[in-house]
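A.B. asks: Before I ask anything, here is the structure I am working with.
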Amino acid sequence: MALHAAILAGGSGTRFWPLSTGNRPKHLLALLGRRTLLEETAARLRGLVPPSRTLVVTARSQAA
C-alpha cells in the first residue's frame with residue numbers, strides 16, 4: 001500500500017498578524033529561514049512520501 005500525505009494550509013493565520021494577512025497567509029511566510037512554512041513542511045515529508053503523492057489542502061481563496 002502506497003503512503004499519501006496531506007498538508008493542511010488553509011488557515012488565515014490571525015495569530016501571526018500583522019505578518020500574516022489575507023494576501024499573505026501564514027503558510028506562505030518564511031519564519032524559519034528562506035523557505036516558507038509550506039516549503040519547510042513539504043521538505044520534511046519528502047523523505048517519507050514522494051511529491052507525486054503529496055496533496056496541499058487550502059482555502060479556495062488561497063488556491064493558485
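By order in the C-alpha cells, chains are A, B, ...; within a chain, residues start at 1; ligands start at 1, following the order shown.
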Residues within 10 Å of Ala9 (chain A), please, as a list in words. Count only C-alpha atoms; anything in the same chain fewer than 5 positions from it doesn't count.

C.D. replies: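 These residues fall inside the cut-off: Pro25, Lys26, His27, Leu28, Leu37, Leu38, Val56, Val57, Thr58, Ala59 and Gln62 of chain A.
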
A.B. asks: Would you list, as a PyMOL selection string, the residues of chain A that end up in strand (DSSP E) under DSSP run on this structure's backbone?

C.D. replies: chain A and resi 5-8+54-57

A.B. asks: DSSP on the backbone: which residues in region 13-54 of chain A end up as helix (DSSP H, G or I)? Give the answer as a list in words.

C.D. replies: Thr14, Arg15, Phe16, Lys26, His27, Leu28, Leu37, Leu38, Glu39, Glu40, Thr41, Ala42, Ala43, Arg44, Leu45, Arg46, Pro51, Ser52 and Arg53 of chain A

A.B. asks: As a PyMOL selection string, please: the residues near region 50-54 of chain A (cut-off 8 Å, only C-alpha atoms, same-chain neighbours under 3 positions excluded).

C.D. replies: chain A and resi 3-7+42+45-47

A.B. asks: So the first atom is CA of Leu8 (chain A) and the second is CA of Leu32 (chain A); what is the distance between them in Å, to one decimal place?

C.D. replies: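 Between CA of Leu8 (chain A) and CA of Leu32 (chain A) the gap works out to 18.3 Å.
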